[in-house]
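**Student:** Following this line is data_5.cif, made up of mmCIF, C-alpha atoms:
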data_structure
loop_
_atom_site.group_PDB
_atom_site.id
_atom_site.type_symbol
_atom_site.label_atom_id
_atom_site.label_comp_id
_atom_site.auth_asym_id
_atom_site.auth_seq_id
_atom_site.Cartn_x
_atom_site.Cartn_y
_atom_site.Cartn_z
ATOM 1 C CA MET A 1 30.649 -14.754 6.067
ATOM 2 C CA LEU A 2 31.563 -13.945 2.488
ATOM 3 C CA GLY A 3 31.808 -16.760 0.005
ATOM 4 C CA MET A 4 34.482 -17.144 -2.632
ATOM 5 C CA VAL A 5 36.047 -13.770 -3.242
ATOM 6 C CA PHE A 6 35.260 -12.928 -6.830
ATOM 7 C CA GLY A 7 34.306 -9.498 -8.010
ATOM 8 C CA ILE A 8 32.288 -7.976 -10.820
ATOM 9 C CA GLU A 9 30.949 -4.454 -11.279
ATOM 10 C CA MET A 10 27.526 -3.048 -10.533
ATOM 11 C CA VAL A 11 26.744 -0.182 -12.896
ATOM 12 C CA GLU A 12 23.265 0.857 -11.613
ATOM 13 C CA PRO A 13 21.995 2.391 -9.355
ATOM 14 C CA ILE A 14 25.611 3.154 -8.437
ATOM 15 C CA HIS A 15 28.878 2.154 -10.075
ATOM 16 C CA LYS A 16 31.103 0.050 -7.853
ATOM 17 C CA PRO A 17 32.820 -3.333 -7.672
ATOM 18 C CA VAL A 18 30.917 -6.029 -5.774
ATOM 19 C CA GLU A 19 31.954 -9.383 -4.391
ATOM 20 C CA ASP A 20 30.193 -12.652 -3.734
ATOM 21 C CA GLY A 21 28.217 -12.504 -0.468
ATOM 22 C CA ALA A 22 28.357 -8.724 -0.111
ATOM 23 C CA ILE A 23 25.522 -6.325 0.655
ATOM 24 C CA ILE A 24 25.751 -4.153 -2.425
ATOM 25 C CA TYR A 25 23.027 -1.632 -1.631
ATOM 26 C CA ASN A 26 21.350 -0.253 1.489
ATOM 27 C CA GLY A 27 18.608 2.235 0.747
ATOM 28 C CA THR A 28 15.017 3.326 1.261
ATOM 29 C CA ILE A 29 12.137 3.121 -1.201
ATOM 30 C CA THR A 30 8.358 3.397 -0.971
ATOM 31 C CA PRO A 31 5.792 0.723 -1.898
ATOM 32 C CA VAL A 32 4.960 2.625 -5.099
ATOM 33 C CA GLU A 33 8.539 2.527 -6.419
ATOM 34 C CA ASP A 34 10.581 -0.141 -8.098
ATOM 35 C CA ILE A 35 14.351 -0.320 -8.155
ATOM 36 C CA SER A 36 16.728 -1.877 -10.688
ATOM 37 C CA PHE A 37 20.243 -3.280 -10.317
ATOM 38 C CA SER A 38 22.521 -3.701 -13.321
ATOM 39 C CA PHE A 39 25.787 -5.620 -13.506
ATOM 40 C CA LYS A 40 28.607 -5.648 -16.002
ATOM 41 C CA ARG A 41 28.288 -8.943 -17.828
ATOM 42 C CA TYR A 42 31.879 -9.471 -18.876
ATOM 43 C CA GLU A 43 34.727 -10.391 -16.555
ATOM 44 C CA GLY A 44 38.254 -11.134 -17.799
ATOM 45 C CA GLY A 45 37.113 -11.900 -21.325
ATOM 46 C CA LYS A 46 34.402 -14.241 -20.094
ATOM 47 C CA ALA A 47 30.744 -13.486 -19.500
ATOM 48 C CA TYR A 48 27.983 -14.074 -16.992
ATOM 49 C CA ASP A 49 24.710 -14.991 -18.647
ATOM 50 C CA TYR A 50 21.765 -14.033 -16.433
ATOM 51 C CA ALA A 51 20.747 -12.712 -13.016
ATOM 52 C CA ILE A 52 17.695 -13.439 -10.881
ATOM 53 C CA ALA A 53 16.342 -12.006 -7.630
ATOM 54 C CA GLU A 54 14.620 -13.808 -4.761
ATOM 55 C CA VAL A 55 11.862 -11.494 -3.555
ATOM 56 C CA PRO A 56 9.524 -11.831 -0.546
ATOM 57 C CA LYS A 57 6.013 -13.198 -0.950
ATOM 58 C CA GLY A 58 3.713 -10.628 -2.539
ATOM 59 C CA TRP A 59 6.561 -8.749 -4.205
ATOM 60 C CA LYS A 60 7.287 -8.827 -7.935
ATOM 61 C CA LYS A 61 10.479 -8.899 -9.952
ATOM 62 C CA ILE A 62 11.803 -8.791 -13.482
ATOM 63 C CA ASP A 63 14.872 -10.985 -13.913
ATOM 64 C CA SER A 64 17.459 -10.287 -16.564
ATOM 65 C CA PRO A 65 16.951 -11.915 -19.959
ATOM 66 C CA LEU A 66 19.566 -14.476 -20.898
ATOM 67 C CA TYR A 67 22.722 -12.816 -22.272
ATOM 68 C CA ALA A 68 21.434 -9.303 -21.586
ATOM 69 C CA ASP A 69 24.107 -6.618 -21.422
ATOM 70 C CA PRO A 70 24.172 -5.364 -18.753
ATOM 71 C CA LEU A 71 22.438 -7.966 -16.600
ATOM 72 C CA THR A 72 19.561 -6.105 -14.970
ATOM 73 C CA VAL A 73 17.040 -7.193 -12.347
ATOM 74 C CA THR A 74 14.130 -5.047 -11.199
ATOM 75 C CA ILE A 75 12.564 -5.400 -7.749
ATOM 76 C CA ILE A 76 8.980 -4.250 -7.138
ATOM 77 C CA PRO A 77 7.745 -4.130 -3.515
ATOM 78 C CA SER A 78 4.323 -5.271 -2.394
ATOM 79 C CA GLN A 79 1.945 -2.448 -1.479
ATOM 80 C CA PHE A 80 1.784 -4.073 1.967
ATOM 81 C CA ALA A 81 5.563 -4.096 2.460
ATOM 82 C CA LYS A 82 6.894 -2.562 5.674
ATOM 83 C CA GLY A 83 10.159 -2.725 7.562
ATOM 84 C CA THR A 84 13.530 -3.844 6.186
ATOM 85 C CA TYR A 85 14.212 -6.655 3.698
ATOM 86 C CA LEU A 86 17.407 -8.430 2.639
ATOM 87 C CA ILE A 87 16.992 -9.632 -0.939
ATOM 88 C CA PRO A 88 19.452 -11.987 -2.696
ATOM 89 C CA ILE A 89 20.430 -11.521 -6.328
ATOM 90 C CA HIS A 90 22.080 -14.499 -8.032
ATOM 91 C CA ILE A 91 24.359 -14.013 -11.020
ATOM 92 C CA TYR A 92 25.050 -17.117 -13.100
ATOM 93 C CA ASP A 93 27.401 -18.445 -15.712
ATOM 94 C CA GLU A 94 24.934 -20.614 -17.625
ATOM 95 C CA LYS A 95 25.921 -24.276 -17.251
ATOM 96 C CA GLY A 96 29.408 -23.129 -16.282
ATOM 97 C CA PHE A 97 30.490 -22.741 -19.900
ATOM 98 C CA ASP A 98 32.968 -19.968 -19.048
ATOM 99 C CA LYS A 99 33.918 -21.601 -15.747
ATOM 100 C CA LEU A 100 33.002 -18.454 -13.802
ATOM 101 C CA PRO A 101 31.915 -18.929 -10.189
ATOM 102 C CA ASN A 102 28.251 -18.117 -9.573
ATOM 103 C CA ILE A 103 27.804 -15.039 -7.400
ATOM 104 C CA THR A 104 25.140 -14.093 -4.857
ATOM 105 C CA VAL A 105 24.908 -10.514 -3.616
ATOM 106 C CA PHE A 106 22.356 -8.885 -1.325
ATOM 107 C CA VAL A 107 20.204 -5.779 -1.480
ATOM 108 C CA LYS A 108 18.941 -4.221 1.774
ATOM 109 C CA LEU A 109 15.746 -2.257 1.267
ATOM 110 C CA ASN A 110 14.005 -0.161 3.909
ATOM 111 C CA ILE A 111 10.341 0.494 3.106
ATOM 112 C CA ASP A 112 8.994 3.988 3.783
ATOM 113 C CA ARG A 113 5.182 4.030 4.011
ATOM 114 C CA ASP A 114 5.016 7.586 5.331
ATOM 115 C CA PHE A 115 5.862 9.393 2.105
ATOM 116 C CA PHE A 116 2.889 11.730 1.590
ATOM 117 C CA THR A 117 0.798 14.149 3.634
ATOM 118 C CA VAL A 118 -2.753 15.432 3.280
ATOM 119 C CA LYS A 119 -4.127 18.721 4.602
ATOM 120 C CA ALA A 120 -7.541 20.364 4.500
ATOM 121 C CA PRO A 121 -9.415 22.974 6.575
ATOM 122 C CA LYS A 122 -11.014 21.691 9.778
ATOM 123 C CA THR A 123 -14.177 23.726 9.175
ATOM 124 C CA VAL A 124 -15.888 25.319 6.179
ATOM 125 C CA ILE A 125 -18.987 27.529 6.248
ATOM 126 C CA GLY A 126 -21.473 28.084 3.462
ATOM 127 C CA ASN A 127 -25.076 28.719 2.524
ATOM 128 C CA ILE A 128 -27.725 26.282 1.371
ATOM 129 C CA LYS A 129 -27.955 25.592 -2.365
ATOM 130 C CA GLN A 130 -24.742 27.504 -2.977
ATOM 131 C CA PRO A 131 -21.333 25.988 -3.747
ATOM 132 C CA LEU A 132 -19.448 25.303 -0.532
ATOM 133 C CA ARG A 133 -15.796 25.439 -1.547
ATOM 134 C CA PHE A 134 -12.746 23.854 0.055
ATOM 135 C CA SER A 135 -9.328 22.557 -0.997
ATOM 136 C CA VAL A 136 -7.368 19.390 -0.256
ATOM 137 C CA GLN A 137 -3.557 19.682 -0.354
ATOM 138 C CA VAL A 138 -1.391 16.635 -1.064
ATOM 139 C CA SER A 139 2.401 16.630 -0.753
ATOM 140 C CA THR A 140 4.500 13.612 -1.730
ATOM 141 C CA LYS A 141 8.177 12.700 -1.652
ATOM 142 C CA THR A 142 7.581 10.060 -4.339
ATOM 143 C CA PRO A 143 5.887 11.070 -7.610
ATOM 144 C CA THR A 144 2.965 8.740 -8.327
ATOM 145 C CA VAL A 145 -0.741 8.645 -9.216
ATOM 146 C CA PHE A 146 -2.985 9.455 -6.261
ATOM 147 C CA VAL A 147 -6.719 9.045 -5.803
ATOM 148 C CA ILE A 148 -8.488 11.897 -3.996
ATOM 149 C CA GLU A 149 -11.962 11.152 -2.644
ATOM 150 C CA ALA A 150 -14.447 13.314 -0.745
ATOM 151 C CA HIS A 151 -17.861 12.159 0.448
ATOM 152 C CA SER A 152 -20.695 13.851 2.297
ATOM 153 C CA LEU A 153 -24.521 13.817 2.268
ATOM 154 C CA ASN A 154 -25.615 13.640 -1.401
ATOM 155 C CA ASN A 155 -22.126 14.774 -2.466
ATOM 156 C CA ASP A 156 -19.322 12.648 -3.888
ATOM 157 C CA PHE A 157 -15.998 13.511 -5.480
ATOM 158 C CA LYS A 158 -13.277 11.235 -6.857
ATOM 159 C CA LYS A 159 -10.275 12.065 -9.007
ATOM 160 C CA GLU A 160 -7.030 10.387 -10.072
ATOM 161 C CA VAL A 161 -4.079 12.720 -10.521
ATOM 162 C CA PHE A 162 -0.325 12.322 -10.942
ATOM 163 C CA ILE A 163 1.351 14.323 -8.195
ATOM 164 C CA HIS A 164 4.987 15.381 -8.236
ATOM 165 C CA GLY A 165 5.695 17.400 -5.105
ATOM 166 C CA ASN A 166 2.743 19.558 -4.016
ATOM 167 C CA TYR A 167 -0.807 19.627 -5.346
ATOM 168 C CA SER A 168 -4.042 21.400 -4.371
ATOM 169 C CA GLN A 169 -7.462 20.058 -5.377
ATOM 170 C CA ALA A 170 -10.446 22.427 -5.232
ATOM 171 C CA ILE A 171 -13.802 20.785 -4.468
ATOM 172 C CA GLU A 172 -17.364 22.178 -4.349
ATOM 173 C CA PHE A 173 -20.293 20.559 -2.539
ATOM 174 C CA ILE A 174 -23.912 21.788 -2.367
ATOM 175 C CA TYR A 175 -26.395 21.170 0.451
ATOM 176 C CA SER A 176 -30.131 21.877 0.388
ATOM 177 C CA VAL A 177 -30.832 21.904 4.131
ATOM 178 C CA PRO A 178 -29.057 23.972 6.801
ATOM 179 C CA ASP A 179 -27.148 21.761 9.220
ATOM 180 C CA ARG A 180 -23.639 20.520 10.104
ATOM 181 C CA TYR A 181 -22.274 17.868 7.779
ATOM 182 C CA PRO A 182 -19.086 15.795 7.953
ATOM 183 C CA ILE A 183 -17.044 15.723 4.755
ATOM 184 C CA ASN A 184 -14.856 12.609 4.737
ATOM 185 C CA ILE A 185 -11.586 12.936 2.801
ATOM 186 C CA THR A 186 -9.525 9.918 1.718
ATOM 187 C CA VAL A 187 -6.277 10.077 -0.269
ATOM 188 C CA TYR A 188 -4.205 7.068 -1.358
ATOM 189 C CA PRO A 189 -1.728 6.028 -4.063
ATOM 190 C CA LYS A 190 -3.574 4.326 -6.918
ATOM 191 C CA TYR A 191 -1.186 1.355 -6.920
ATOM 192 C CA ALA A 192 -0.887 1.075 -3.133
ATOM 193 C CA SER A 193 -4.438 1.633 -1.947
ATOM 194 C CA SER A 194 -3.692 0.034 1.428
ATOM 195 C CA ILE A 195 -1.774 3.206 2.343
ATOM 196 C CA LYS A 196 -4.600 5.621 3.069
ATOM 197 C CA GLN A 197 -4.729 8.980 4.772
ATOM 198 C CA THR A 198 -8.117 10.200 5.978
ATOM 199 C CA LEU A 199 -9.474 13.327 7.605
ATOM 200 C CA THR A 200 -12.847 14.940 8.212
ATOM 201 C CA ILE A 201 -13.993 18.486 7.493
ATOM 202 C CA ASP A 202 -16.876 19.978 9.493
ATOM 203 C CA ALA A 203 -19.207 21.703 7.017
ATOM 204 C CA ILE A 204 -21.527 24.305 8.584
ATOM 205 C CA VAL A 205 -24.374 25.110 6.207
ATOM 206 C CA LYS A 206 -26.618 28.099 6.934
ATOM 207 C CA GLU A 207 -29.670 29.765 5.469
ATOM 208 C CA SER A 208 -29.585 33.564 5.678
ATOM 209 C CA ILE A 209 -30.038 36.569 3.413
ATOM 210 C CA LEU A 210 -26.729 37.940 4.746
ATOM 211 C CA GLU A 211 -24.920 34.796 3.643
ATOM 212 C CA ASP A 212 -26.705 35.086 0.275
ATOM 213 C CA LEU A 213 -25.485 38.637 -0.187
ATOM 214 C CA LYS A 214 -21.926 37.662 0.800
ATOM 215 C CA SER A 215 -21.995 34.868 -1.744
ATOM 216 C CA LEU A 216 -22.799 37.331 -4.553
ATOM 217 C CA ARG A 217 -19.088 38.112 -4.803
ATOM 218 C CA TYR A 218 -18.667 34.571 -6.181
ATOM 219 C CA GLY A 219 -21.385 35.059 -8.805
ATOM 220 C CA ILE A 220 -25.151 35.298 -9.221
ATOM 221 C CA LEU A 221 -27.211 33.221 -6.792
ATOM 222 C CA ILE A 222 -28.565 30.114 -8.462
ATOM 223 C CA TYR A 223 -31.530 29.197 -6.267
ATOM 224 C CA TYR A 224 -34.937 30.531 -5.324
ATOM 225 C CA PRO A 225 -34.065 32.963 -2.445
ATOM 226 C CA ILE A 226 -33.001 35.578 -5.027
ATOM 227 C CA GLN A 227 -36.745 35.968 -5.647
ATOM 228 C CA LEU A 228 -37.450 36.569 -1.964
ATOM 229 C CA LEU A 229 -36.077 40.125 -1.938
ATOM 230 C CA PRO A 230 -38.588 41.636 -4.409
ATOM 231 C CA ASN A 231 -41.376 39.506 -2.940
ATOM 232 C CA ALA A 232 -40.567 40.811 0.544
ATOM 233 C CA LEU A 233 -40.658 44.423 -0.703
ATOM 234 C CA ILE A 234 -44.030 43.873 -2.379
ATOM 235 C CA GLY A 235 -45.374 42.369 0.837
ATOM 236 C CA LEU A 236 -44.107 45.345 2.851
ATOM 237 C CA VAL A 237 -45.729 47.897 0.509
ATOM 238 C CA TYR A 238 -49.006 45.967 0.553
ATOM 239 C CA SER A 239 -49.048 45.918 4.369
ATOM 240 C CA LEU A 240 -48.518 49.708 4.479
ATOM 241 C CA ILE A 241 -51.329 50.391 1.990
ATOM 242 C CA ASN A 242 -53.667 47.990 3.727
ATOM 243 C CA PRO A 243 -52.992 48.411 7.428
#
Would you mind writing the structure in this file as structure tokens?

**Tutor:**
Amino acid sequence: MLGMVFGIEMVEPIHKPVEDGAIIYNGTITPVEDISFSFKRYEGGKAYDYAIAEVPKGWKKIDSPLYADPLTVTIIPSQFAKGTYLIPIHIYDEKGFDKLPNITVFVKLNIDRDFFTVKAPKTVIGNIKQPLRFSVQVSTKTPTVFVIEAHSLNNDFKKEVFIHGNYSQAIEFIYSVPDRYPINITVYPKYASSIKQTLTIDAIVKESILEDLKSLRYGILIYYPIQLLPNALIGLVYSLINP
């Protein structure tokens, strides 16, 4: 039930009159966002003096300074927040000097934890001691700083990057022994590391002259098998001369 009917104006995030006891906002944010609410301080020639929010445990807030104009409170969710929260904001006439009734309004916030996606190839194939290349794609509805990690045998990659929309990160790993190797990918917001997305790439690493020759299109080979071709030819000639 609404309390005493007395209205002021909210000016941010939307402009509208609000009354004591009302739910003034119903929206969705992610754990890496904050949201601010601003109220017109003056009413009928008198003024409210400050506003404070009551936030759940683990959340943060910035209450309005005394006599700020407008009165603004900022609400910052916990990185572990999930579900829907009803948060009171109290607006006060300090010590009742202007004889304005104190007002409490409510903000309804739905927390969206599923705000980014991560994609990578299921399998990559390469040759020993040559760069094995793959890309990790990150798409986000909320711009923020992400951490991209990739780990495999004797290979590690970690990078922080601000992502607004879509982003592709190229990564190169090198293996010295032919085998199959898992590459473990982890992506998470820097300031909400509890929200992780993980996937695994199957790296197939081979040793073959054919793979060496194919890799030449990416540049000169950088390991010892480039010497095997002339050595093999010398060995062949020697075997023909000395049957």

**Student:** I'd like the contact shell of Ser38 in chain A - 12 Å cut-off, all atoms listed in the file, skipping same-chain residues fewer than 4 positions apart - returned as a count of residues only.

**Tutor:** 31

**Student:** Pick out the residues sitting within 10 Å of range 140-157 of chain A, and hand them over as a PyMOL selection string; count only C-alpha atoms, and ignore anything fewer than 2 positions along from it in its own chain.

**Tutor:** chain A and resi 29-33+114-118+136-138+159-167+169+171-176+181-193+196-201+203

**Student:** Would you kindly identify which residues have an atom no farther than 8 Å from (1.9, -2.6, 2.3), using all atoms listed in the file and the file's own coordinates, and write them out as a list in words?

**Tutor:**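 Final list of nearby residues, as requested, is Pro31, Ser78, Gln79, Phe80, Ala81, Lys82, Arg113, Ala192, Ser194 and Ile195 of chain A.
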
**Student:** So for range 118-129 of chain A, what box centre and size do we get, axis-aligned, 8 Å extra on each of the six sides, every listed atom, Å to one decimal, as lines of an AutoDock Vina configuration file?

**Tutor:**
center_x = -15.4
center_y = 22.1
center_z = 3.7
size_x = 41.2
size_y = 29.3
size_z = 28.1

**Student:** For a quick check of understanding, using all atoms listed in the file, which of A:Asp179, A:Asp49, A:Glu207, A:Asp20 has the smallest distance to Phe106 in chain A?

**Tutor:**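 Among the listed residues, the smallest separation from Phe106 in chain A belongs to A:Asp20.
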